[in-house]
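*Asks:* Take a look at this one; I'll ask things after.
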Amino acid sequence: MLDAALADGTASRRCTFEVFARSLPHGRRYGVVAGIPRLLDALARFTFGDEEIRVLCDAGVRDRVAEYLSGHRFGGDITGYQEGELYFPGSPVLSVSGTFAECVLLETLVLSVLNHDCAIASAAARMATAANGRPLIEMGSRRTHEEAAVASARAAYLAGFAATSNLEAHRRFGVPTTGTSAHAFTLLHDSEADAFRAQVEALGVSTTLLVDTYDITQGIATAVEIAGTGLGAVRIDSGDVGVLAQQARAQLDALGATGTRVVISGDLDEHAIAALRAEPVDAYGVGTAVVTGSGAPAAGMVYKLVEVDGRPVAKRSSSKESRGGAKSAVRRHRPTGTAVEEVVHRVDAEVEVGEHDRVVPVPLLVKGEPAGELPTLDESREHLRRGLVAVPWEGLKLSRGEPAIPTTFIT
């Protein structure tokens, strides 16, 4: 596309591309925007040096393309939903404006970041809602690509998880870390008691002991014997975890370890977490489900051209229609703070913004430069928390249903 556009002169036309989801994943009622800071950081590094140009030329790229890419840097404008914002079908999550050439180059980069991070954050937010205030630990690094693991830990924390087992996510993004020993540590030792004793001596009695390597009842008894009644927590990673949590709680209380927490892990998703809500579980460790989007590993975002030289353009293909024109959005709220409607409108349309309403997109880049300081990860985490509080209660259900907030389009 770039080669042909450079050849016929259309590469320099002023264009706007928009990122949006035509629908939410099956059964979902809202999505969570995540990955905006990662995307902007990647965009700042999105240049083509001599080595990249050489490889492209070896692959058959023509001289005019190589000349354009040499020293290329995005110099357009980007507005979008901020990190931790909720989105719905048709929400203009990101608007990218500039020449056709510089905008079209960004499609894969933009979609790869947002489709992944939004999917993880959206699933994690549902899990956090299901946990109803109980801490969640992201433990899925072994179930995804090594780089996706770091991004997933960040997205999960944004969406309400308390910590991650991924130390790189702490180094890059400051995500709190925690963890427990593995079954291998217990099997390494001559006895379960030896393993527990070594862990307690190294980490103190506030540690979490994994008690289901052999027999859970005996494991709990041994754990309290070694660590005392001040033991921080026991973790159960297999079996009928609801029943086992009840039994563990009763046994710990009988042994006097009333303050020892029960941590459950092992193939949990939002539905399993919700089913455990009535059980005496103090925290959850979630792995595969969260780093794979709990059945929706991509958010379904698309990157579509909506305006050329100020003229709206739209795709008309059956089932894949788009709405022409650069757009913005206003989220309407009741005086109580409950969100009731998402109004998506052309930027040149006059739309009333009431006292309790909010314009959702914010400037991110202006002429290729940051529009201002981005919120911190913790600030974005709080923004999402407030956004979920504003959702009508039925919009937080895990069951299938309509989007939590209906979208109205004004063109």
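All residue names refer to the structure tokens as shown: chains lettered A, B, ... in order, residues numbered from 1 in each chain, ligands numbered from 1 in order.
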Identify, on the basis of only C-alpha atoms, every residue whose closest approach to Gly140 in chain A does not exceed 9 Å; exclude the query and any residue fewer than 4 positions from it along the same chain; express the result as a list of chain:residue names.

*Replies:* A:Thr144, A:Ala149, A:Ser152, A:Ala153, A:Thr164, A:Ser165, A:Asn166, A:Gly285, A:Val286, A:Gly287, A:Thr288, A:Ala289, A:Val290, A:Val291, A:Thr292

*Asks:* Take the residues from that selection and put them in a file with all heavy atoms, as a JSON list (two decimals), in the first residue's frame.

*Replies:*
[["chain", "number", "residue", "atom", "x", "y", "z"],
["A", 144, "THR", "N", 2.09, -18.19, 28.55],
["A", 144, "THR", "CA", 2.01, -17.28, 27.41],
["A", 144, "THR", "C", 3.42, -16.92, 26.97],
["A", 144, "THR", "O", 4.42, -17.35, 27.58],
["A", 144, "THR", "CB", 1.20, -16.01, 27.77],
["A", 144, "THR", "OG1", 0.98, -15.23, 26.60],
["A", 144, "THR", "CG2", 1.91, -15.18, 28.82],
["A", 149, "ALA", "N", 3.78, -12.10, 28.77],
["A", 149, "ALA", "CA", 3.64, -12.33, 30.21],
["A", 149, "ALA", "C", 3.82, -11.03, 30.99],
["A", 149, "ALA", "O", 3.08, -10.75, 31.95],
["A", 149, "ALA", "CB", 4.65, -13.37, 30.68],
["A", 152, "SER", "N", 0.85, -8.79, 30.28],
["A", 152, "SER", "CA", -0.34, -9.34, 30.94],
["A", 152, "SER", "C", -0.36, -9.02, 32.42],
["A", 152, "SER", "O", -1.40, -8.68, 32.99],
["A", 152, "SER", "CB", -0.40, -10.86, 30.74],
["A", 152, "SER", "OG", -0.56, -11.20, 29.38],
["A", 153, "ALA", "N", 0.80, -9.11, 33.06],
["A", 153, "ALA", "CA", 0.88, -8.78, 34.48],
["A", 153, "ALA", "C", 0.50, -7.33, 34.72],
["A", 153, "ALA", "O", -0.22, -7.00, 35.67],
["A", 153, "ALA", "CB", 2.29, -9.06, 35.00],
["A", 164, "THR", "N", 1.61, -9.76, 41.09],
["A", 164, "THR", "CA", 1.99, -10.72, 40.05],
["A", 164, "THR", "C", 3.17, -11.53, 40.53],
["A", 164, "THR", "O", 3.92, -11.11, 41.43],
["A", 164, "THR", "CB", 2.37, -10.00, 38.74],
["A", 164, "THR", "OG1", 2.76, -10.96, 37.76],
["A", 164, "THR", "CG2", 3.53, -9.04, 38.95],
["A", 165, "SER", "N", 3.37, -12.68, 39.93],
["A", 165, "SER", "CA", 4.56, -13.48, 40.20],
["A", 165, "SER", "C", 5.69, -13.12, 39.25],
["A", 165, "SER", "O", 6.79, -13.68, 39.34],
["A", 165, "SER", "CB", 4.23, -14.98, 40.08],
["A", 165, "SER", "OG", 3.84, -15.29, 38.74],
["A", 166, "ASN", "N", 5.45, -12.20, 38.31],
["A", 166, "ASN", "CA", 6.41, -11.85, 37.28],
["A", 166, "ASN", "C", 7.30, -10.70, 37.74],
["A", 166, "ASN", "O", 6.85, -9.55, 37.83],
["A", 166, "ASN", "CB", 5.67, -11.48, 35.99],
["A", 166, "ASN", "CG", 6.59, -11.34, 34.81],
["A", 166, "ASN", "OD1", 7.44, -10.45, 34.77],
["A", 166, "ASN", "ND2", 6.43, -12.19, 33.81],
["A", 285, "GLY", "N", -5.04, -17.31, 43.18],
["A", 285, "GLY", "CA", -3.96, -17.25, 42.22],
["A", 285, "GLY", "C", -4.51, -17.66, 40.86],
["A", 285, "GLY", "O", -5.07, -18.74, 40.71],
["A", 286, "VAL", "N", -4.38, -16.78, 39.87],
["A", 286, "VAL", "CA", -4.97, -17.02, 38.55],
["A", 286, "VAL", "C", -3.87, -17.04, 37.50],
["A", 286, "VAL", "O", -3.04, -16.12, 37.46],
["A", 286, "VAL", "CB", -6.02, -15.94, 38.19],
["A", 286, "VAL", "CG1", -6.74, -16.31, 36.90],
["A", 286, "VAL", "CG2", -7.02, -15.76, 39.33],
["A", 287, "GLY", "N", -3.87, -18.06, 36.66],
["A", 287, "GLY", "CA", -2.82, -18.20, 35.67],
["A", 287, "GLY", "C", -3.33, -18.14, 34.24],
["A", 287, "GLY", "O", -3.54, -17.07, 33.67],
["A", 288, "THR", "N", -3.56, -19.32, 33.66],
["A", 288, "THR", "CA", -3.87, -19.43, 32.24],
["A", 288, "THR", "C", -5.02, -18.52, 31.82],
["A", 288, "THR", "O", -4.95, -17.83, 30.78],
["A", 288, "THR", "CB", -4.21, -20.88, 31.88],
["A", 288, "THR", "OG1", -3.11, -21.72, 32.24],
["A", 288, "THR", "CG2", -4.47, -21.02, 30.39],
["A", 289, "ALA", "N", -6.10, -18.51, 32.56],
["A", 289, "ALA", "CA", -7.30, -17.78, 32.14],
["A", 289, "ALA", "C", -7.03, -16.30, 31.96],
["A", 289, "ALA", "O", -7.50, -15.68, 31.00],
["A", 289, "ALA", "CB", -8.44, -18.00, 33.13],
["A", 290, "VAL", "N", -6.28, -15.70, 32.87],
["A", 290, "VAL", "CA", -6.10, -14.25, 32.77],
["A", 290, "VAL", "C", -5.16, -13.88, 31.63],
["A", 290, "VAL", "O", -5.40, -12.91, 30.89],
["A", 290, "VAL", "CB", -5.64, -13.64, 34.11],
["A", 290, "VAL", "CG1", -4.23, -14.06, 34.49],
["A", 290, "VAL", "CG2", -5.74, -12.12, 34.07],
["A", 291, "VAL", "N", -4.07, -14.63, 31.42],
["A", 291, "VAL", "CA", -3.12, -14.24, 30.38],
["A", 291, "VAL", "C", -3.59, -14.63, 28.98],
["A", 291, "VAL", "O", -2.98, -14.22, 27.98],
["A", 291, "VAL", "CB", -1.72, -14.85, 30.63],
["A", 291, "VAL", "CG1", -1.16, -14.36, 31.95],
["A", 291, "VAL", "CG2", -1.75, -16.38, 30.57],
["A", 292, "THR", "N", -4.68, -15.37, 28.89],
["A", 292, "THR", "CA", -5.27, -15.69, 27.58],
["A", 292, "THR", "C", -6.62, -15.01, 27.39],
["A", 292, "THR", "O", -7.38, -15.37, 26.49],
["A", 292, "THR", "CB", -5.42, -17.22, 27.40],
["A", 292, "THR", "OG1", -6.26, -17.74, 28.45],
["A", 292, "THR", "CG2", -4.07, -17.92, 27.43]]

*Asks:* Would you pick out the contacts of Met301 in chain A at 8 Å or less, using only C-alpha atoms, so that residues sharing its chain but fewer than 4 positions from it are not included, and give the list as a list of chain:residue names?

*Replies:*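 Contacts, with the query itself left out: A:Val19, A:Phe20, A:Ala21, A:Arg22, A:Leu111, A:Leu114, A:Asn115.
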
*Asks:* Those same residues - N, CA and C atoms - I'd like them written as an mmCIF file, in the first residue's frame.

*Replies:*
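Done, and the output landed in result_24.cif:
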data_model
loop_
_atom_site.group_PDB
_atom_site.id
_atom_site.type_symbol
_atom_site.label_atom_id
_atom_site.label_comp_id
_atom_site.auth_asym_id
_atom_site.auth_seq_id
_atom_site.Cartn_x
_atom_site.Cartn_y
_atom_site.Cartn_z
ATOM 1 N N VAL A 19 -9.553 3.319 15.775
ATOM 2 C CA VAL A 19 -9.520 1.993 16.381
ATOM 3 C C VAL A 19 -10.796 1.811 17.193
ATOM 4 N N PHE A 20 -11.513 0.747 16.910
ATOM 5 C CA PHE A 20 -12.749 0.467 17.641
ATOM 6 C C PHE A 20 -13.033 -1.022 17.571
ATOM 7 N N ALA A 21 -13.934 -1.480 18.388
ATOM 8 C CA ALA A 21 -14.409 -2.863 18.353
ATOM 9 C C ALA A 21 -15.852 -2.865 17.859
ATOM 10 N N ARG A 22 -16.112 -3.651 16.837
ATOM 11 C CA ARG A 22 -17.483 -3.718 16.328
ATOM 12 C C ARG A 22 -18.425 -4.338 17.371
ATOM 13 N N LEU A 111 -2.673 -2.285 16.675
ATOM 14 C CA LEU A 111 -3.590 -3.386 16.961
ATOM 15 C C LEU A 111 -2.944 -4.485 17.783
ATOM 16 N N LEU A 114 -3.006 -3.040 21.496
ATOM 17 C CA LEU A 114 -4.328 -2.838 22.092
ATOM 18 C C LEU A 114 -5.153 -4.115 22.108
ATOM 19 N N ASN A 115 -5.093 -4.917 21.058
ATOM 20 C CA ASN A 115 -5.871 -6.156 21.073
ATOM 21 C C ASN A 115 -5.440 -7.080 22.188
#

*Asks:* Can you tell me, as a PyMOL selection string, what residues are no more than 8 Å from Ser238 in chain A when counting only C-alpha atoms, ignoring any on the same chain fewer than 6 positions away?

*Replies:* chain A and resi 212+265-266

*Asks:* A:Ala233, A:Val308, A:Val113, A:Val366: which is nearest Ala11 in chain A, counting only C-alpha atoms?

*Replies:*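 Of A:Ala233, A:Val308, A:Val113, A:Val366, the one nearest Ala11 in chain A, counting only C-alpha atoms, is A:Val308.
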
*Asks:* I need the residues of range 77-237 of chain A that end up classed as strand (DSSP E or B) by DSSP on the backbone, written out as a PyMOL selection string.

*Replies:* chain A and resi 77-80+86-87+94-99+136-138+163-164+177+208-210+233-236

*Asks:* So that I can check the surroundings of Pro361 in chain A, please list as an MDAnalysis selection string every protein, DNA and RNA residue that reaches within 7 Å of it, counting only C-alpha atoms and ignoring chain neighbours fewer than 2 positions away.

*Replies:* chainID A and resid 79:82 328:329 359 363

*Asks:* So the first atom is CA of Ala274 in chain A and the second is CA of Leu398 in chain A; what is the distance between them in Å, to one decimal place?

*Replies:*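 Between CA of Ala274 in chain A and CA of Leu398 in chain A the gap is 8.8 Å.
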
*Asks:* I need the residues in range 81-309 of chain A that are helix (DSSP H, G or I) according to DSSP; give them as number ranges by chain.

*Replies:* A: 100-104, 107-131, 141-143, 146-158, 167-173, 183-188, 192-203, 216-227, 241-254, 270-275, 288-291, 293-295

*Asks:* Between CA of Asp215 in chain A and CA of Leu276 in chain A, what is the spacing in Å?

*Replies:*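 So the answer is 21.8 Å.
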
*Asks:* Quick one: residues within 9 Å of Leu2 in chain A, only C-alpha atoms, excluding same-chain residues fewer than 4 positions away - as a ChimeraX atom specification?

*Replies:* /A:6-7,11,65,100-101,104-105

*Asks:* Emit the selected residues as a CSV table (one decimal), in the first residue's frame, including N, CA and C atoms.

*Replies:*
chain,number,residue,atom,x,y,z
A,6,LEU,N,2.8,6.1,-2.5
A,6,LEU,CA,3.9,7.0,-2.8
A,6,LEU,C,4.0,7.2,-4.3
A,7,ALA,N,3.7,6.2,-5.1
A,7,ALA,CA,3.9,6.3,-6.5
A,7,ALA,C,2.8,7.2,-7.1
A,11,ALA,N,-0.1,9.3,-0.9
A,11,ALA,CA,0.5,9.0,0.4
A,11,ALA,C,0.5,10.3,1.3
A,65,VAL,N,10.2,3.6,-1.3
A,65,VAL,CA,9.8,3.2,0.0
A,65,VAL,C,10.9,3.3,1.0
A,100,PHE,N,-1.6,9.7,5.0
A,100,PHE,CA,-1.9,8.3,4.8
A,100,PHE,C,-0.7,7.5,5.1
A,101,ALA,N,0.5,7.9,4.6
A,101,ALA,CA,1.7,7.0,4.7
A,101,ALA,C,2.0,6.8,6.2
A,104,VAL,N,-0.9,4.7,8.0
A,104,VAL,CA,-1.1,3.3,7.6
A,104,VAL,C,0.1,2.4,8.1
A,105,LEU,N,1.2,3.0,8.3
A,105,LEU,CA,2.4,2.2,8.9
A,105,LEU,C,2.1,1.7,10.3

*Asks:* As a PyMOL selection string, please: the residues near Leu86 in chain A (cut-off 8 Å, only C-alpha atoms, same-chain neighbours under 5 positions excluded).

*Replies:* chain A and resi 30-33+384+387-388

*Asks:* Which residues are near Gly324 in chain A? Cut-off 12 Å, only C-alpha atoms, ignore same chain within fewer than 2 positions. Put them as a list in words.

*Replies:*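 Selected residues are Cys15, Thr16, Phe17, Glu18, Gly90, Pro92, Lys304, Leu305, Val306, Glu307, Val308, Gly310, Arg311, Pro312, Val313, Ala314, Lys315, Arg316, Glu321, Ser322, Ala326, Lys327, Val344, His345, Arg346, Val347, Phe409, Ile410 and Thr411 of chain A.
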
*Asks:* Grab the CA of Leu94 in chain A to CA of Glu394 in chain A distance for me, in Å with one decimal place.

*Replies:*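 Straight-line distance from CA of Leu94 in chain A to CA of Glu394 in chain A works out to 27.2 Å.
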
*Asks:* Which residue out of A:Ala163, A:Ala128, A:Ala184, A:Leu203 has the minimum interatomic distance to Arg385 in chain A when only C-alpha atoms are used?

*Replies:*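 So, comparing all the options, the nearest one is A:Ala128.
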
*Asks:* Using only C-alpha atoms, can you tell me which of A:Leu252, A:Gly35, A:Val224, A:Ile53 comes closest to Val150 in chain A?

*Replies:*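 Between A:Leu252, A:Gly35, A:Val224, A:Ile53, the residue approaching Val150 in chain A most closely is A:Gly35.
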
*Asks:* Pick the closest to Ala193 in chain A from A:Ala124, A:Val211, A:Val302, A:Ala223: which is it, counting only C-alpha atoms?

*Replies:*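 Distance minimum relative to Ala193 in chain A lands on A:Ala223.
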